[in-house]
Structure formats: structure tokens, C-alpha cells
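**Student:** Input file: start.cif. Contents: mmCIF, C-alpha atoms and all ligand atoms.
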data_data
loop_
_atom_site.group_PDB
_atom_site.id
_atom_site.type_symbol
_atom_site.label_atom_id
_atom_site.label_comp_id
_atom_site.auth_asym_id
_atom_site.auth_seq_id
_atom_site.Cartn_x
_atom_site.Cartn_y
_atom_site.Cartn_z
ATOM 1 C CA MET A 1 60.100 3.508 -29.455
ATOM 2 C CA ASN A 2 60.687 4.501 -25.864
ATOM 3 C CA PRO A 3 57.690 6.404 -24.400
ATOM 4 C CA VAL A 4 60.077 8.288 -22.125
ATOM 5 C CA HIS A 5 61.418 10.012 -25.240
ATOM 6 C CA LEU A 6 57.967 11.308 -26.219
ATOM 7 C CA ARG A 7 56.621 14.694 -25.262
ATOM 8 C CA VAL A 8 53.058 15.961 -25.356
ATOM 9 C CA LEU A 9 52.809 19.032 -27.583
ATOM 10 C CA THR A 10 49.940 21.096 -28.916
ATOM 11 C CA ASN A 11 49.261 20.698 -32.616
ATOM 12 C CA PHE A 12 50.696 24.189 -33.153
ATOM 13 C CA GLU A 13 53.962 23.337 -31.382
ATOM 14 C CA ASN A 14 54.215 20.007 -33.169
ATOM 15 C CA ALA A 15 53.658 21.610 -36.575
ATOM 16 C CA ARG A 16 56.360 24.232 -35.940
ATOM 17 C CA ARG A 17 58.986 21.555 -35.433
ATOM 18 C CA THR A 18 60.065 20.702 -38.934
ATOM 19 C CA GLY A 19 63.271 19.261 -40.273
ATOM 20 C CA GLY A 20 63.957 17.181 -37.186
ATOM 21 C CA LEU A 21 64.609 20.260 -35.050
ATOM 22 C CA ASP A 22 63.426 20.632 -31.493
ATOM 23 C CA TRP A 23 63.660 23.474 -28.994
ATOM 24 C CA PRO A 24 62.125 24.492 -25.659
ATOM 25 C CA LEU A 25 58.455 25.425 -25.436
ATOM 26 C CA GLY A 26 57.605 29.125 -25.426
ATOM 27 C CA VAL A 27 60.256 30.188 -27.920
ATOM 28 C CA CYS A 28 60.843 29.862 -31.654
ATOM 29 C CA ALA A 29 63.597 27.814 -33.297
ATOM 30 C CA ASN A 30 65.971 30.741 -32.875
ATOM 31 C CA GLY A 31 65.096 31.320 -29.229
ATOM 32 C CA HIS A 32 62.809 34.358 -29.603
ATOM 33 C CA PRO A 33 59.935 34.374 -27.088
ATOM 34 C CA ASP A 34 56.483 33.517 -28.438
ATOM 35 C CA ARG A 35 55.287 37.092 -27.792
ATOM 36 C CA PHE A 36 56.937 37.941 -31.135
ATOM 37 C CA LEU A 37 54.604 35.614 -33.032
ATOM 38 C CA VAL A 38 52.491 37.476 -35.555
ATOM 39 C CA GLU A 39 49.829 36.355 -37.956
ATOM 40 C CA ASP A 40 51.291 35.737 -41.386
ATOM 41 C CA PRO A 41 49.164 37.569 -43.964
ATOM 42 C CA HIS A 42 50.903 35.870 -46.898
ATOM 43 C CA ARG A 43 50.075 32.244 -46.101
ATOM 44 C CA ARG A 44 47.913 30.593 -48.735
ATOM 45 C CA ASP A 45 46.566 27.123 -49.216
ATOM 46 C CA LYS A 46 46.933 25.165 -52.469
ATOM 47 C CA MET A 47 43.872 26.884 -53.896
ATOM 48 C CA GLY A 48 45.269 30.339 -53.138
ATOM 49 C CA ASN A 49 42.861 31.057 -50.299
ATOM 50 C CA GLN A 50 44.234 32.847 -47.270
ATOM 51 C CA ARG A 51 45.283 30.451 -44.521
ATOM 52 C CA ILE A 52 45.670 31.321 -40.869
ATOM 53 C CA GLY A 53 49.248 30.934 -39.800
ATOM 54 C CA HIS A 54 51.791 32.500 -37.501
ATOM 55 C CA ARG A 55 55.460 33.278 -37.732
ATOM 56 C CA CYS A 56 58.082 34.858 -35.527
ATOM 57 C CA SER A 57 58.506 38.544 -36.417
ATOM 58 C CA LYS A 58 62.082 38.497 -35.074
ATOM 59 C CA CYS A 59 62.930 35.601 -37.397
ATOM 60 C CA VAL A 60 61.412 37.465 -40.336
ATOM 61 C CA SER A 61 63.679 40.454 -39.536
ATOM 62 C CA LEU A 62 66.650 38.123 -39.099
ATOM 63 C CA SER A 63 65.960 36.442 -42.422
ATOM 64 C CA ARG A 64 65.851 39.807 -44.197
ATOM 65 C CA ALA A 65 69.059 40.975 -42.487
ATOM 66 C CA ARG A 66 70.786 37.726 -43.540
ATOM 67 C CA TYR A 67 69.577 38.151 -47.112
ATOM 68 C CA LEU A 68 70.856 41.743 -47.302
ATOM 69 C CA TRP A 69 74.164 40.807 -45.672
ATOM 70 C CA ARG A 70 74.735 37.943 -48.129
ATOM 71 C CA LYS A 71 73.857 40.231 -51.024
ATOM 72 C CA ARG A 72 76.411 42.842 -49.917
ATOM 73 C CA ASN A 73 79.113 40.471 -48.650
ATOM 74 C CA SER A 74 79.130 37.600 -51.096
ATOM 75 C CA GLY A 75 81.403 34.760 -50.081
ATOM 76 C CA LYS A 76 82.260 36.098 -46.625
ATOM 77 C CA PRO A 77 81.286 34.168 -43.507
ATOM 78 C CA MET A 78 78.090 35.327 -41.820
ATOM 79 C CA PRO A 79 78.638 37.487 -38.682
ATOM 80 C CA PHE A 80 77.796 35.789 -35.397
ATOM 81 C CA ASP A 81 74.781 37.998 -34.652
ATOM 82 C CA LEU A 82 73.148 36.925 -37.937
ATOM 83 C CA LEU A 83 73.637 33.207 -37.408
ATOM 84 C CA LEU A 84 70.602 31.007 -36.831
ATOM 85 C CA ALA A 85 70.558 29.130 -33.539
ATOM 86 C CA ARG A 86 71.320 25.854 -35.324
ATOM 87 C CA GLU A 87 74.338 27.442 -37.062
ATOM 88 C CA LYS A 88 75.953 28.783 -33.909
ATOM 89 C CA PRO A 89 78.868 26.689 -32.692
ATOM 90 C CA GLN A 90 78.146 24.370 -29.797
ATOM 91 C CA ARG A 91 80.537 23.748 -26.935
ATOM 92 C CA ASN A 92 82.038 20.823 -28.804
ATOM 93 C CA GLY A 93 82.962 23.212 -31.618
ATOM 94 C CA SER A 94 80.509 22.095 -34.272
ATOM 95 C CA ALA A 95 77.150 23.470 -35.248
ATOM 96 C CA SER A 96 74.419 21.025 -34.434
ATOM 97 C CA ARG A 97 70.711 20.569 -33.883
ATOM 98 C CA ILE A 98 68.849 22.404 -31.190
ATOM 99 C CA LEU A 99 67.911 20.116 -28.373
ATOM 100 C CA THR A 100 66.236 20.866 -25.080
HETATM 101 ZN ZN ZN B 201 62.236 33.726 -33.943
#
For this file, produce the structure as C-alpha cells.
Ligand SMILES: [Zn+2]

**Tutor:**
Amino acid sequence: MNPVHLRVLTNFENARRTGGLDWPLGVCANGHPDRFLVEDPHRRDKMGNQRIGHRCSKCVSLSRARYLWRKRNSGKPMPFDLLLAREKPQRNGSASRILT
């Protein structure tokens, strides 16, 4: 492990980074500024008690738009404006992970 490759993050920022993804601080995985973070009223712990959590309201809207688009356009490729940041083509022509 090279310490130069490590970065100090808050617990919140560390916990947001799942699935091996990384992105700049101050934005969500899809690049929406943190001002769109809202408390998630549906989060529950294993016992069903409400759990404090946040999610990006823009990503929630994007997820719903993607769901509706897929439902109405089965089998067609997703339009560019509905692609997630990690699905958008990179300069080398392939979709890849988000890196800072
Ligand atoms: Zn977002």
C-alpha cells in the first residue's frame, strides 16, 4: 500500500463511495453538487427503525426518469442525458470508473 494513494475522507464521504467508485469531493457520483442532498425518509435499519441517511435528490429524479424511459423504450439504448456518469463514454471511447 502506497500512502500517497490514500486520501483523508469524512466517514460520510467514505461511506458514499461504494462499488470501487470514486469522485471529487463536494459532488455525488453523478456530479451533482452536494446542495442537492436530502434526508432519505425511507431508510430503515435491520429492525425496521428509521435510520438517518442522505441521498442526492437529482439522482433520485434521474433514477426515476431512467426507469420510466426503460419501461417505455424497451431494448433501445439509453439517451445520453439519462446516462449515469460511469456509463458515459470516456475520451478513450469506453465507459469506465469515475476517477478524480
Ligand atoms: Zn446526484

**Student:** Name the residues within 10 Å of (46.8, 37.5, -38.4), counting all atoms listed in the file in the file's coordinates, and put them as a ChimeraX atom specification.

**Tutor:** /A:37-43,51-55

**Student:** On this structure, which residues satisfy the PyMOL selection byres (((chain A and resi 19-33) around 12) and not hetatm), written as a ChimeraX atom specification?

**Tutor:** /A:7-10,12-18,34-38,54-63,81-88,96-100

**Student:** To one decimal place in Å, what is the distance between CA of Ala65 in chain A and CA of Pro89 in chain A?

**Tutor:** 19.9 Å

**Student:** Quick one: distance from CA of Gly48 in chain A to CA of Asn11 in chain A in Å, one decimal?

**Tutor:**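 Taking CA of Gly48 in chain A and CA of Asn11 in chain A, their separation equals 23.0 Å.
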
**Student:** Have a look at atom ZN of ligand ZN 201 (chain B) and CA of Pro79 in chain A and let me know their distance in Å, one decimal.

**Tutor:**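 Straight-line distance from atom ZN of ligand ZN 201 (chain B) to CA of Pro79 in chain A works out to 17.5 Å.
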